[in-house]
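*Asks:* Next up, start-v2.csv (CSV, C-alpha atoms and all ligand atoms).
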chain,number,residue,atom,x,y,z
A,1,MET,CA,25.2,4.3,-2.9
A,2,LEU,CA,24.6,0.6,-2.1
A,3,ALA,CA,25.6,0.3,1.5
A,4,ASP,CA,26.2,-3.3,2.5
A,5,THR,CA,24.8,-5.5,-0.3
A,6,ASN,CA,25.3,-8.6,1.8
A,7,ALA,CA,22.8,-7.2,4.2
A,8,ILE,CA,19.9,-8.3,2.0
A,9,GLU,CA,19.1,-12.0,1.7
A,10,ILE,CA,18.4,-12.8,-1.9
A,11,THR,CA,16.6,-15.9,-3.3
A,12,LYS,CA,16.3,-15.7,-7.1
A,13,THR,CA,13.4,-17.2,-8.9
A,14,ALA,CA,14.1,-20.6,-10.5
A,15,GLN,CA,12.0,-19.7,-13.5
A,16,SER,CA,11.6,-16.2,-14.7
A,17,ARG,CA,8.1,-15.3,-16.0
A,18,LEU,CA,9.5,-12.6,-18.4
A,19,ASP,CA,8.8,-14.7,-21.5
A,20,GLN,CA,5.1,-14.8,-20.6
A,21,VAL,CA,4.6,-11.0,-20.7
A,22,ASP,CA,2.4,-9.6,-23.4
A,23,TRP,CA,4.4,-6.4,-23.9
A,24,GLU,CA,1.8,-4.9,-26.2
A,25,ASN,CA,-0.9,-5.1,-23.5
A,26,LEU,CA,0.7,-4.1,-20.3
A,27,GLY,CA,-2.1,-2.1,-18.9
A,28,PHE,CA,-1.6,-0.8,-15.5
A,29,GLY,CA,-0.9,-2.7,-12.3
A,30,LYS,CA,-1.9,-6.2,-13.3
A,31,ILE,CA,1.4,-7.8,-14.3
A,32,PHE,CA,3.9,-8.4,-11.5
A,33,SER,CA,7.7,-8.8,-11.9
A,34,ASP,CA,9.7,-11.8,-10.8
A,35,HIS,CA,10.7,-10.6,-7.4
A,36,MET,CA,9.6,-8.7,-4.3
A,37,ALA,CA,11.5,-7.2,-1.4
A,38,TYR,CA,10.4,-7.1,2.2
A,39,VAL,CA,11.7,-6.4,5.7
A,40,GLU,CA,10.0,-7.0,9.1
A,41,TYR,CA,9.9,-4.7,12.0
A,42,ARG,CA,9.7,-6.3,15.4
A,43,ASP,CA,11.3,-5.9,18.9
A,44,GLY,CA,11.7,-2.2,18.1
A,45,GLN,CA,13.8,-2.6,15.0
A,46,TRP,CA,13.9,-3.5,11.3
A,47,HIS,CA,15.5,-6.9,10.6
A,48,THR,CA,17.3,-8.3,7.6
A,49,PRO,CA,15.6,-7.4,4.3
A,50,VAL,CA,14.8,-10.3,2.0
A,51,ILE,CA,14.3,-10.5,-1.7
A,52,LYS,CA,12.5,-13.5,-3.0
A,53,PRO,CA,10.2,-14.6,-5.9
A,54,TYR,CA,7.0,-12.5,-6.0
A,55,GLY,CA,4.0,-14.4,-4.6
A,56,PRO,CA,1.5,-14.7,-1.8
A,57,MET,CA,2.5,-14.0,1.8
A,58,ASN,CA,1.2,-15.8,4.8
A,59,PHE,CA,-0.9,-13.8,7.3
A,60,SER,CA,-3.3,-14.4,10.0
A,61,PRO,CA,-6.8,-12.8,9.5
A,62,ALA,CA,-6.2,-11.1,12.9
A,63,ILE,CA,-3.4,-8.8,11.7
A,64,SER,CA,-4.1,-5.2,12.7
A,65,ALA,CA,-3.8,-3.6,9.3
A,66,LEU,CA,-6.9,-5.4,8.2
A,67,HIS,CA,-8.9,-4.2,11.2
A,68,TYR,CA,-7.6,-0.8,12.2
A,69,GLY,CA,-6.1,0.4,9.0
A,70,GLN,CA,-2.4,0.9,9.8
A,71,ALA,CA,-1.4,0.7,6.1
A,72,ILE,CA,0.5,3.2,4.0
A,73,PHE,CA,1.9,3.0,0.5
A,74,GLU,CA,4.0,4.8,-2.1
A,75,GLY,CA,4.2,4.8,-5.9
A,76,LEU,CA,7.1,5.7,-8.2
A,77,LYS,CA,8.6,4.6,-11.5
A,78,ALA,CA,11.8,3.3,-13.1
A,79,TYR,CA,12.8,3.8,-16.7
A,80,LYS,CA,15.6,2.8,-19.0
A,81,ASN,CA,17.8,5.3,-20.9
A,82,GLU,CA,19.1,4.6,-24.4
A,83,GLN,CA,22.3,3.0,-23.0
A,84,GLY,CA,20.1,0.5,-21.1
A,85,GLU,CA,20.9,2.1,-17.7
A,86,VAL,CA,18.1,2.2,-15.1
A,87,LEU,CA,16.8,5.6,-13.9
A,88,ILE,CA,14.4,6.0,-11.0
A,89,PHE,CA,12.5,9.3,-10.8
A,90,ARG,CA,13.1,11.1,-7.4
A,91,PRO,CA,13.0,8.0,-5.2
A,92,GLU,CA,14.4,9.7,-2.1
A,93,LYS,CA,11.2,11.8,-2.1
A,94,ASN,CA,9.1,8.7,-1.8
A,95,ALA,CA,11.3,7.4,1.0
A,96,GLU,CA,10.9,10.6,2.9
A,97,ARG,CA,7.1,10.8,2.2
A,98,LEU,CA,6.7,7.1,3.4
A,99,ASN,CA,8.1,8.3,6.7
A,100,ILE,CA,5.8,11.3,6.9
A,101,SER,CA,2.8,8.9,6.3
A,102,ALA,CA,4.3,6.5,8.9
A,103,HIS,CA,4.5,9.2,11.5
A,104,ARG,CA,0.9,10.2,11.1
A,105,MET,CA,-0.3,6.6,11.3
A,106,CYS,CA,1.9,5.8,14.4
A,107,MET,CA,4.1,3.4,12.4
A,108,PRO,CA,7.9,3.1,12.6
A,109,SER,CA,10.0,5.1,10.2
A,110,LEU,CA,12.2,3.2,7.8
A,111,PRO,CA,15.8,4.5,7.2
A,112,VAL,CA,16.0,6.1,3.8
A,113,GLU,CA,19.1,4.0,3.1
A,114,THR,CA,17.2,0.8,3.7
A,115,PHE,CA,14.4,1.9,1.4
A,116,MET,CA,17.0,2.8,-1.3
A,117,ASP,CA,19.0,-0.4,-0.8
A,118,MET,CA,16.0,-2.6,-1.1
A,119,LEU,CA,14.7,-0.6,-4.0
A,120,THR,CA,17.9,-0.6,-6.0
A,121,GLN,CA,18.7,-4.2,-5.5
A,122,LEU,CA,15.2,-5.3,-6.4
A,123,ILE,CA,15.2,-3.1,-9.5
A,124,ASN,CA,18.6,-4.4,-10.5
A,125,LEU,CA,17.5,-8.0,-10.2
A,126,ASP,CA,14.3,-7.3,-12.3
A,127,SER,CA,15.7,-4.7,-14.7
A,128,GLY,CA,14.6,-6.9,-17.6
A,129,TRP,CA,11.1,-6.0,-16.6
A,130,ILE,CA,11.5,-2.3,-17.4
A,131,PRO,CA,9.8,-1.6,-20.7
A,132,LYS,CA,11.6,1.0,-22.9
A,133,GLY,CA,8.9,2.5,-25.0
A,134,GLU,CA,7.6,6.0,-24.9
A,135,GLY,CA,5.3,6.5,-21.8
A,136,GLU,CA,6.2,3.0,-20.5
A,137,SER,CA,7.9,2.3,-17.2
A,138,LEU,CA,8.2,-0.1,-14.3
A,139,TYR,CA,5.8,1.0,-11.6
A,140,ILE,CA,7.1,0.5,-8.1
A,141,ARG,CA,4.8,-0.1,-5.1
A,142,PRO,CA,6.5,0.2,-1.7
A,143,HIS,CA,4.1,-0.2,1.2
A,144,MET,CA,4.0,-0.8,4.9
A,145,PHE,CA,1.4,-2.4,7.1
A,146,ALA,CA,0.8,-3.6,10.7
A,147,ILE,CA,1.0,-7.3,11.3
A,148,ASP,CA,0.4,-7.8,15.1
A,149,GLU,CA,-1.9,-10.8,15.5
A,150,PHE,CA,-4.0,-9.0,18.1
A,151,VAL,CA,-7.5,-7.7,18.2
A,152,GLY,CA,-7.5,-4.4,20.0
A,153,VAL,CA,-7.0,-0.8,18.9
A,154,ARG,CA,-3.5,0.3,19.6
A,155,PRO,CA,-0.4,0.9,17.4
A,156,SER,CA,0.9,-2.5,16.2
A,157,GLU,CA,4.3,-3.6,17.5
A,158,THR,CA,5.2,-5.4,14.3
A,159,TYR,CA,5.1,-4.3,10.6
A,160,LEU,CA,6.1,-5.4,7.2
A,161,PHE,CA,7.6,-3.1,4.6
A,162,VAL,CA,7.2,-4.6,1.1
A,163,ILE,CA,8.2,-3.5,-2.4
A,164,PHE,CA,6.9,-5.1,-5.6
A,165,THR,CA,6.9,-3.8,-9.2
A,166,CYS,CA,4.7,-3.9,-12.3
A,167,PRO,CA,5.7,-3.1,-15.9
A,168,VAL,CA,3.2,-0.6,-17.1
A,169,GLY,CA,2.2,0.8,-20.5
A,170,LYS,CA,1.5,4.3,-21.6
A,171,TYR,CA,-1.3,5.6,-19.3
A,172,TYR,CA,-4.2,6.3,-21.6
A,173,THR,CA,-6.5,9.0,-20.4
A,174,SER,CA,-9.1,10.7,-22.5
A,175,GLU,CA,-9.7,14.2,-21.3
A,176,LEU,CA,-11.7,14.0,-18.0
A,177,LYS,CA,-15.2,15.1,-17.2
A,178,VAL,CA,-15.2,15.9,-13.5
A,179,LYS,CA,-17.7,17.2,-10.9
A,180,ILE,CA,-16.9,19.6,-8.2
A,181,GLU,CA,-17.7,17.6,-5.0
A,182,THR,CA,-19.7,19.7,-2.5
A,183,ASN,CA,-21.1,17.0,-0.3
A,184,TYR,CA,-18.5,14.3,0.4
A,185,THR,CA,-14.9,15.0,1.4
A,186,ARG,CA,-11.7,13.1,0.8
A,187,ALA,CA,-9.8,14.5,3.7
A,188,THR,CA,-10.5,16.8,6.6
A,189,LYS,CA,-8.5,19.4,8.4
A,190,GLY,CA,-6.6,17.5,11.1
A,191,GLY,CA,-7.2,14.2,9.3
A,192,THR,CA,-4.9,11.9,7.3
A,193,GLY,CA,-5.1,13.5,3.9
A,194,SER,CA,-1.5,14.4,3.8
A,195,ALA,CA,-0.5,10.8,4.5
A,196,LYS,CA,-0.6,8.2,1.7
A,197,ALA,CA,-2.8,6.0,4.0
A,198,ALA,CA,-4.7,3.1,2.5
A,199,GLY,CA,-8.0,4.1,4.3
A,200,ASN,CA,-8.1,7.4,2.5
A,201,TYR,CA,-8.7,5.6,-0.8
A,202,GLY,CA,-11.2,3.2,0.6
A,203,ALA,CA,-13.2,6.2,1.8
A,204,SER,CA,-13.0,7.9,-1.6
A,205,LEU,CA,-14.5,5.0,-3.5
A,206,PHE,CA,-18.2,5.7,-2.6
A,207,PRO,CA,-18.4,9.4,-3.6
A,208,THR,CA,-16.4,8.5,-6.8
A,209,GLN,CA,-18.8,5.7,-7.6
A,210,ILE,CA,-21.7,8.1,-7.2
A,211,ALA,CA,-20.0,10.6,-9.6
A,212,LYS,CA,-19.3,7.8,-12.1
A,213,ASP,CA,-22.9,6.7,-12.0
A,214,ALA,CA,-23.8,10.3,-12.9
A,215,GLY,CA,-21.5,10.2,-15.9
A,216,PHE,CA,-18.3,11.8,-14.5
A,217,ASP,CA,-14.8,10.3,-14.6
A,218,GLN,CA,-14.0,11.5,-11.1
A,219,VAL,CA,-14.5,14.3,-8.6
A,220,LEU,CA,-12.7,17.5,-7.8
A,221,TRP,CA,-12.4,17.4,-4.1
A,222,THR,CA,-13.0,20.6,-2.1
A,223,ASP,CA,-12.2,21.5,1.5
A,224,SER,CA,-14.3,19.7,4.2
A,225,GLN,CA,-15.3,22.8,6.0
A,226,THR,CA,-16.7,25.1,3.3
A,227,HIS,CA,-16.4,23.2,0.0
A,228,GLU,CA,-15.3,26.6,-1.4
A,229,TYR,CA,-11.7,25.7,-2.1
A,230,PHE,CA,-10.2,23.1,-4.4
A,231,GLU,CA,-8.0,20.3,-2.9
A,232,GLU,CA,-7.3,17.5,-5.3
A,233,SER,CA,-8.6,15.7,-8.4
A,234,GLY,CA,-9.5,12.1,-7.7
A,235,THR,CA,-6.3,10.5,-6.5
A,236,MET,CA,-4.2,13.2,-8.1
A,237,ASN,CA,-3.2,16.7,-7.2
A,238,VAL,CA,-4.9,19.4,-9.2
A,239,MET,CA,-3.7,22.5,-11.0
A,240,PHE,CA,-5.2,25.2,-13.2
A,241,LEU,CA,-3.8,27.2,-16.1
A,242,SER,CA,-5.0,30.7,-17.1
A,243,GLY,CA,-2.8,32.7,-19.5
A,244,ASN,CA,0.7,32.6,-18.2
A,245,LYS,CA,-0.3,31.6,-14.7
A,246,VAL,CA,-0.3,28.1,-13.2
A,247,MET,CA,-2.3,27.8,-9.9
A,248,SER,CA,-2.3,24.8,-7.5
A,249,PRO,CA,-3.8,24.5,-4.1
A,250,ALA,CA,-1.1,25.0,-1.5
A,251,ILE,CA,-0.1,21.8,0.4
A,252,SER,CA,-1.9,21.4,3.7
A,253,ASP,CA,-2.8,18.6,6.1
A,254,SER,CA,-5.6,17.6,3.8
A,255,ILE,CA,-3.6,17.6,0.5
A,256,LEU,CA,-1.0,15.0,-0.4
A,257,ASP,CA,2.3,16.5,-1.2
A,258,GLY,CA,2.7,15.0,-4.7
A,259,ILE,CA,6.1,14.6,-6.3
A,260,THR,CA,4.6,15.0,-9.8
A,261,ARG,CA,2.9,18.3,-8.6
A,262,ASN,CA,6.2,19.5,-7.3
A,263,SER,CA,8.0,18.5,-10.6
A,264,VAL,CA,5.4,20.0,-12.9
A,265,LEU,CA,5.4,23.3,-11.0
A,266,GLN,CA,9.2,23.5,-11.1
A,267,VAL,CA,9.2,22.8,-14.9
A,268,ALA,CA,6.4,25.4,-15.4
A,269,LYS,CA,8.6,27.9,-13.6
A,270,ASP,CA,11.6,26.9,-15.7
A,271,TRP,CA,9.5,27.5,-18.8
A,272,GLY,CA,8.6,31.0,-17.6
A,273,TYR,CA,5.1,30.4,-16.2
A,274,GLU,CA,4.1,32.3,-13.1
A,275,VAL,CA,3.3,29.7,-10.5
A,276,GLU,CA,1.0,30.3,-7.6
A,277,GLU,CA,0.6,27.8,-4.7
A,278,ARG,CA,-2.2,29.1,-2.6
A,279,LYS,CA,-5.9,28.5,-1.8
A,280,VAL,CA,-7.7,28.3,-5.1
A,281,SER,CA,-11.4,29.0,-4.8
A,282,VAL,CA,-14.2,27.3,-6.7
A,283,ALA,CA,-15.7,30.8,-7.3
A,284,GLU,CA,-12.6,32.2,-9.1
A,285,ILE,CA,-12.3,29.1,-11.3
A,286,VAL,CA,-16.0,29.2,-12.2
A,287,GLU,CA,-15.5,32.9,-13.0
A,288,LEU,CA,-12.6,32.1,-15.3
A,289,LEU,CA,-14.7,29.3,-16.9
A,290,LYS,CA,-17.6,31.6,-17.5
A,291,ALA,CA,-15.3,34.2,-19.0
A,292,LYS,CA,-13.6,31.5,-21.2
A,293,LYS,CA,-10.3,32.4,-19.5
A,294,LEU,CA,-9.5,29.0,-18.0
A,295,ASP,CA,-6.9,27.5,-20.4
A,296,GLY,CA,-6.5,24.2,-18.6
A,297,ALA,CA,-7.2,22.1,-15.5
A,298,PHE,CA,-5.2,19.0,-14.8
A,299,GLY,CA,-4.9,16.1,-12.5
A,300,VAL,CA,-1.2,15.4,-11.7
A,301,GLY,CA,0.3,12.2,-10.3
A,302,THR,CA,2.8,9.4,-10.9
A,303,ALA,CA,0.5,7.1,-12.7
A,304,ALA,CA,-0.8,9.5,-15.4
A,305,THR,CA,1.8,12.3,-15.0
A,306,ILE,CA,-0.6,15.0,-16.2
A,307,ALA,CA,-4.3,14.2,-17.0
A,308,PRO,CA,-6.1,17.1,-18.7
A,309,ILE,CA,-9.7,17.9,-17.6
A,310,ARG,CA,-12.1,18.8,-20.4
A,311,ILE,CA,-15.3,19.4,-18.5
A,312,ILE,CA,-15.9,20.8,-15.0
A,313,HIS,CA,-19.4,20.4,-13.6
A,314,HIS,CA,-20.7,22.8,-11.0
A,315,ASN,CA,-24.2,23.5,-9.7
A,316,GLY,CA,-26.0,21.9,-12.6
A,317,THR,CA,-23.7,23.4,-15.4
A,318,ASP,CA,-21.1,21.7,-17.5
A,319,TYR,CA,-18.2,24.1,-18.3
A,320,GLU,CA,-16.0,23.1,-21.1
A,321,ILE,CA,-12.4,24.2,-21.1
A,322,THR,CA,-11.1,26.0,-24.2
A,323,ARG,CA,-8.9,23.4,-25.6
A,324,ASP,CA,-6.0,24.8,-27.5
A,325,GLN,CA,-3.6,25.9,-24.8
A,326,SER,CA,-4.7,23.3,-22.3
A,327,SER,CA,-3.8,20.4,-24.5
A,328,ASP,CA,-0.6,22.2,-25.5
A,329,PHE,CA,0.6,22.6,-21.9
A,330,ALA,CA,-0.4,19.1,-20.8
A,331,GLY,CA,1.0,17.5,-23.9
A,332,ARG,CA,4.2,19.4,-23.8
A,333,MET,CA,4.7,18.7,-20.1
A,334,ASN,CA,3.9,15.0,-20.5
A,335,THR,CA,6.3,14.6,-23.4
A,336,TYR,CA,9.0,16.6,-21.6
A,337,LEU,CA,8.8,14.7,-18.3
A,338,ASP,CA,8.7,11.4,-20.1
A,339,ARG,CA,11.8,12.2,-22.1
A,340,LEU,CA,13.5,13.6,-18.9
A,341,LYS,CA,12.8,10.4,-17.0
A,342,ARG,CA,14.1,8.3,-19.9
A,343,GLY,CA,17.3,10.3,-20.0
A,344,LEU,CA,16.6,12.2,-23.2
A,345,GLU,CA,16.6,15.7,-21.6
A,346,GLU,CA,19.1,17.5,-19.5
A,347,ASP,CA,18.5,16.6,-15.9
A,348,LYS,CA,19.2,20.0,-14.5
A,349,HIS,CA,17.4,19.4,-11.1
A,350,HIS,CA,19.1,16.0,-10.6
A,351,TRP,CA,15.8,14.2,-10.4
A,352,ASN,CA,17.0,10.9,-12.0
A,353,HIS,CA,18.5,8.4,-9.7
A,354,LYS,CA,20.8,6.1,-11.8
A,355,ILE,CA,21.5,2.6,-10.5
B,1,LIG,C1,-0.1,9.7,-4.6
B,1,LIG,C2,-1.1,10.8,-4.6
B,1,LIG,C3,-0.9,12.0,-5.3
B,1,LIG,C4,0.2,12.1,-6.3
B,1,LIG,O1,1.5,12.0,-5.8
B,1,LIG,P1,2.7,11.7,-6.7
B,1,LIG,O2,3.9,11.7,-5.8
B,1,LIG,O3,2.8,12.8,-7.7
B,1,LIG,O4,2.4,10.4,-7.3
B,1,LIG,C5,-1.8,13.0,-5.2
B,1,LIG,N1,-2.9,12.9,-4.4
B,1,LIG,C6,-3.1,11.8,-3.7
B,1,LIG,C7,-4.3,11.7,-2.8
B,1,LIG,C8,-2.2,10.7,-3.7
B,1,LIG,O5,-2.4,9.6,-3.0
Written as structure tokens, that's how I'd like the structure from this file.
*Replies:*
Amino acid sequence: MLADTNAIEITKTAQSRLDQVDWENLGFGKIFSDHMAYVEYRDGQWHTPVIKPYGPMNFSPAISALHYGQAIFEGLKAYKNEQGEVLIFRPEKNAERLNISAHRMCMPSLPVETFMDMLTQLINLDSGWIPKGEGESLYIRPHMFAIDEFVGVRPSETYLFVIFTCPVGKYYTSELKVKIETNYTRATKGGTGSAKAAGNYGASLFPTQIAKDAGFDQVLWTDSQTHEYFEESGTMNVMFLSGNKVMSPAISDSILDGITRNSVLQVAKDWGYEVEERKVSVAEIVELLKAKKLDGAFGVGTAATIAPIRIIHHNGTDYEITRDQSSDFAGRMNTYLDRLKRGLEEDKHHWNHKI
């Protein structure tokens, strides 16, 4: 799988920071492993990838990513199995999605092999940073941004693709209290919602802050044109459970095609649930809530895997979701996927990439 390992220039750290890590308090995204990988795009091509100690990079304040927002990212996780081997969950999907985002943002595509080579060599080098406990992993953040030193709106001619990693603990979420957002939108039809573009998140902060100030954990995004159909939950995809049926808004150009969403829906099918990917209306979910027939609502994404929603607010009313089945489905799914990713369940869909 590793093409030409000599094609990456590697400078190892003189002094690992591993012994400074407080493994009991990893949190999320605040501790950085020893190394990072990057590669520069210029003159119409990607150059030699580099791995070197993690640290600040030198930029001009004029780089176009900072002004015109050509910046995209990915998020995935690596685990260790009981034999100490490294397993990365569905990384090719992230490599492919990076290129979908790149296309929408007028950025160059990165060969999947280059993504995989840089990723696997970086993770090999920093495999000591992968925590082994239940729910723990090494979070991997690949990202690409425009570095032309030029003030003018046009696609940049130069880019950096960078990967760094963070050991992360079990993602703690209490059950969420969310508000159905009927004023602001995360993404519009014809917009950039299906790209993992940095600007989408900047734009979501203000409506989320308003919701937080009003006592909610996050917003349930609805479509920009009618606000009658669900799209996502915060920075995660969303799904609903009623009886034996799992419903999730179908992927569109305003919904990010989440790998966790895809995996959870597949496992739900494997477990005998009926899975519906279609438009899911606010009206039908409110009807189910009123009839006490909604058995669960969840945010799904790499960071939390599956985050159960406890309360959905709509038009002045808080609807509480009947708990039993919801916590069961989410709990079962979380445990199963965590075990699968750590090599403790049969990997029948070949999702684990062993390095
Ligand atoms: C990243 C992301 C998701 C989840 O995608 P995963 O591949 O499951 O991590 C969902 N929605 C948005 C808006 C995202 O940025």
*Asks:* Can you tell me which residues surround Ala297 (chain A) at a distance of at most 10 Å, considering all atoms listed in the file, apart from same-chain residues fewer than 3 positions away, and format the answer as a VMD selection string?
*Replies:* chain A and resid 176 233 238 to 242 246 to 248 285 294 300 306 to 312 321 326 to 327 330
*Asks:* For Val178 (chain A), which of A:Trp129, A:Phe329, A:Phe164, A:Trp221 is the closest residue, counting all atoms listed in the file?
*Replies:*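 Among A:Trp129, A:Phe329, A:Phe164, A:Trp221, it is A:Trp221 that comes nearest to Val178 (chain A).
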*Asks:* Ranking A:Tyr79, A:Tyr54, A:Phe32, A:Tyr41 by minimum distance to Thr165 (chain A) and counting all atoms listed in the file, which one comes first?
*Replies:* A:Phe32
*Asks:* Near region 104-112 of chain A, counting only C-alpha atoms, which residues have an atom at most 9 Å away, once you skip same-chain residues fewer than 3 positions from it, shown as a count of residues only?
*Replies:* 30
*Asks:* Suppose you want the space between CA of His353 (chain A) and CA of Asp257 (chain A); what is it in Å?
*Replies:*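 These atoms are spaced 20.0 Å apart.
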*Asks:* Could you give me, as JSON lines, a per-residue list for chain A showing, wherever an atom lies at most 8 Å from an atom of ligand LIG 1 (chain B), the closest pair of atoms and their distance in Å to one decimal, using only C-alpha atoms and all ligand atoms and sorting by chain then residue number from low to high?
*Replies:*
{"residue": "A:Glu74", "atom": "CA", "partner": "B:LIG1", "partner_atom": "C1", "distance": 6.9}
{"residue": "A:Gly75", "atom": "CA", "partner": "B:LIG1", "partner_atom": "O4", "distance": 6.0}
{"residue": "A:Leu76", "atom": "CA", "partner": "B:LIG1", "partner_atom": "O4", "distance": 6.7}
{"residue": "A:Asn94", "atom": "CA", "partner": "B:LIG1", "partner_atom": "O2", "distance": 7.2}
{"residue": "A:Gly193", "atom": "CA", "partner": "B:LIG1", "partner_atom": "C7", "distance": 7.0}
{"residue": "A:Ser194", "atom": "CA", "partner": "B:LIG1", "partner_atom": "C7", "distance": 7.7}
{"residue": "A:Ala195", "atom": "CA", "partner": "B:LIG1", "partner_atom": "O5", "distance": 7.8}
{"residue": "A:Lys196", "atom": "CA", "partner": "B:LIG1", "partner_atom": "O5", "distance": 5.2}
{"residue": "A:Ala197", "atom": "CA", "partner": "B:LIG1", "partner_atom": "O5", "distance": 7.9}
{"residue": "A:Asn200", "atom": "CA", "partner": "B:LIG1", "partner_atom": "C7", "distance": 7.8}
{"residue": "A:Tyr201", "atom": "CA", "partner": "B:LIG1", "partner_atom": "O5", "distance": 7.8}
{"residue": "A:Glu232", "atom": "CA", "partner": "B:LIG1", "partner_atom": "N1", "distance": 6.4}
{"residue": "A:Ser233", "atom": "CA", "partner": "B:LIG1", "partner_atom": "N1", "distance": 7.5}
{"residue": "A:Gly234", "atom": "CA", "partner": "B:LIG1", "partner_atom": "C7", "distance": 7.2}
{"residue": "A:Thr235", "atom": "CA", "partner": "B:LIG1", "partner_atom": "C7", "distance": 4.4}
{"residue": "A:Met236", "atom": "CA", "partner": "B:LIG1", "partner_atom": "C5", "distance": 3.8}
{"residue": "A:Asn237", "atom": "CA", "partner": "B:LIG1", "partner_atom": "C5", "distance": 4.4}
{"residue": "A:Ile255", "atom": "CA", "partner": "B:LIG1", "partner_atom": "C7", "distance": 6.8}
{"residue": "A:Leu256", "atom": "CA", "partner": "B:LIG1", "partner_atom": "N1", "distance": 4.9}
{"residue": "A:Asp257", "atom": "CA", "partner": "B:LIG1", "partner_atom": "O1", "distance": 6.5}
{"residue": "A:Gly258", "atom": "CA", "partner": "B:LIG1", "partner_atom": "O1", "distance": 3.4}
{"residue": "A:Ile259", "atom": "CA", "partner": "B:LIG1", "partner_atom": "O2", "distance": 3.7}
{"residue": "A:Thr260", "atom": "CA", "partner": "B:LIG1", "partner_atom": "O3", "distance": 3.5}
{"residue": "A:Arg261", "atom": "CA", "partner": "B:LIG1", "partner_atom": "O3", "distance": 5.6}
{"residue": "A:Asn262", "atom": "CA", "partner": "B:LIG1", "partner_atom": "O3", "distance": 7.5}
{"residue": "A:Val300", "atom": "CA", "partner": "B:LIG1", "partner_atom": "O3", "distance": 6.2}
{"residue": "A:Gly301", "atom": "CA", "partner": "B:LIG1", "partner_atom": "O3", "distance": 3.7}
{"residue": "A:Thr302", "atom": "CA", "partner": "B:LIG1", "partner_atom": "O4", "distance": 3.8}
{"residue": "A:Ala303", "atom": "CA", "partner": "B:LIG1", "partner_atom": "O4", "distance": 6.6}
{"residue": "A:Thr305", "atom": "CA", "partner": "B:LIG1", "partner_atom": "O3", "distance": 7.4}
*Asks:* Quick one: write out the picked residues with C-alpha atoms as an mmCIF file, in the frame of the given file?
*Replies:*
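selection.cif, freshly written:
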data_model
loop_
_atom_site.group_PDB
_atom_site.id
_atom_site.type_symbol
_atom_site.label_atom_id
_atom_site.label_comp_id
_atom_site.auth_asym_id
_atom_site.auth_seq_id
_atom_site.Cartn_x
_atom_site.Cartn_y
_atom_site.Cartn_z
ATOM 1 C CA GLU A 74 4.000 4.800 -2.100
ATOM 2 C CA GLY A 75 4.200 4.800 -5.900
ATOM 3 C CA LEU A 76 7.100 5.700 -8.200
ATOM 4 C CA ASN A 94 9.100 8.700 -1.800
ATOM 5 C CA GLY A 193 -5.100 13.500 3.900
ATOM 6 C CA SER A 194 -1.500 14.400 3.800
ATOM 7 C CA ALA A 195 -0.500 10.800 4.500
ATOM 8 C CA LYS A 196 -0.600 8.200 1.700
ATOM 9 C CA ALA A 197 -2.800 6.000 4.000
ATOM 10 C CA ASN A 200 -8.100 7.400 2.500
ATOM 11 C CA TYR A 201 -8.700 5.600 -0.800
ATOM 12 C CA GLU A 232 -7.300 17.500 -5.300
ATOM 13 C CA SER A 233 -8.600 15.700 -8.400
ATOM 14 C CA GLY A 234 -9.500 12.100 -7.700
ATOM 15 C CA THR A 235 -6.300 10.500 -6.500
ATOM 16 C CA MET A 236 -4.200 13.200 -8.100
ATOM 17 C CA ASN A 237 -3.200 16.700 -7.200
ATOM 18 C CA ILE A 255 -3.600 17.600 0.500
ATOM 19 C CA LEU A 256 -1.000 15.000 -0.400
ATOM 20 C CA ASP A 257 2.300 16.500 -1.200
ATOM 21 C CA GLY A 258 2.700 15.000 -4.700
ATOM 22 C CA ILE A 259 6.100 14.600 -6.300
ATOM 23 C CA THR A 260 4.600 15.000 -9.800
ATOM 24 C CA ARG A 261 2.900 18.300 -8.600
ATOM 25 C CA ASN A 262 6.200 19.500 -7.300
ATOM 26 C CA VAL A 300 -1.200 15.400 -11.700
ATOM 27 C CA GLY A 301 0.300 12.200 -10.300
ATOM 28 C CA THR A 302 2.800 9.400 -10.900
ATOM 29 C CA ALA A 303 0.500 7.100 -12.700
ATOM 30 C CA THR A 305 1.800 12.300 -15.000
#
*Asks:* I want to know what sits within 8 Å of region 131-133 of chain A, based on only C-alpha atoms, with residues of the same chain fewer than 6 positions away left out; could you give that as a PyMOL selection string?
*Replies:* chain A and resi 23+79-81+167-169
*Asks:* Considering all atoms listed in the file, state which residue in the set A:Arg342, A:Lys189, A:Lys52, A:Lys77 is at the smallest distance from Cys166 (chain A).
*Replies:*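 Closest to Cys166 (chain A) of all the choices is A:Lys77.
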*Asks:* Could you check which of A:Asn352, A:Ser64, A:Thr322, A:Thr222 is closest to Gly243 (chain A), using all atoms listed in the file?
*Replies:*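 Between A:Asn352, A:Ser64, A:Thr322, A:Thr222, the residue approaching Gly243 (chain A) most closely is A:Thr322.
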*Asks:* For CA of Met36 (chain A) and CA of Ile51 (chain A), determine how far apart the two atoms are, in Å to one decimal place.
*Replies:* 5.7 Å
*Asks:* What does the distance between CA of Asn244 (chain A) and CA of Phe216 (chain A) come to in Å, to one decimal place?
*Replies:* 28.4 Å
*Asks:* Given the choices A:Asn25, A:Thr120, A:Ser33, A:Thr114, which gets closest to Leu87 (chain A) if the distance is worked out from all atoms listed in the file?
*Replies:*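 Under the stated criterion, the closest residue is A:Thr120.
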*Asks:* Looking at A:Glu175, A:Glu276, A:Glu228, A:Asp270, which one is nearest to Ala250 (chain A), with distances taken over all atoms listed in the file?
*Replies:*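 Among the listed residues, A:Glu276 lies closest to Ala250 (chain A).
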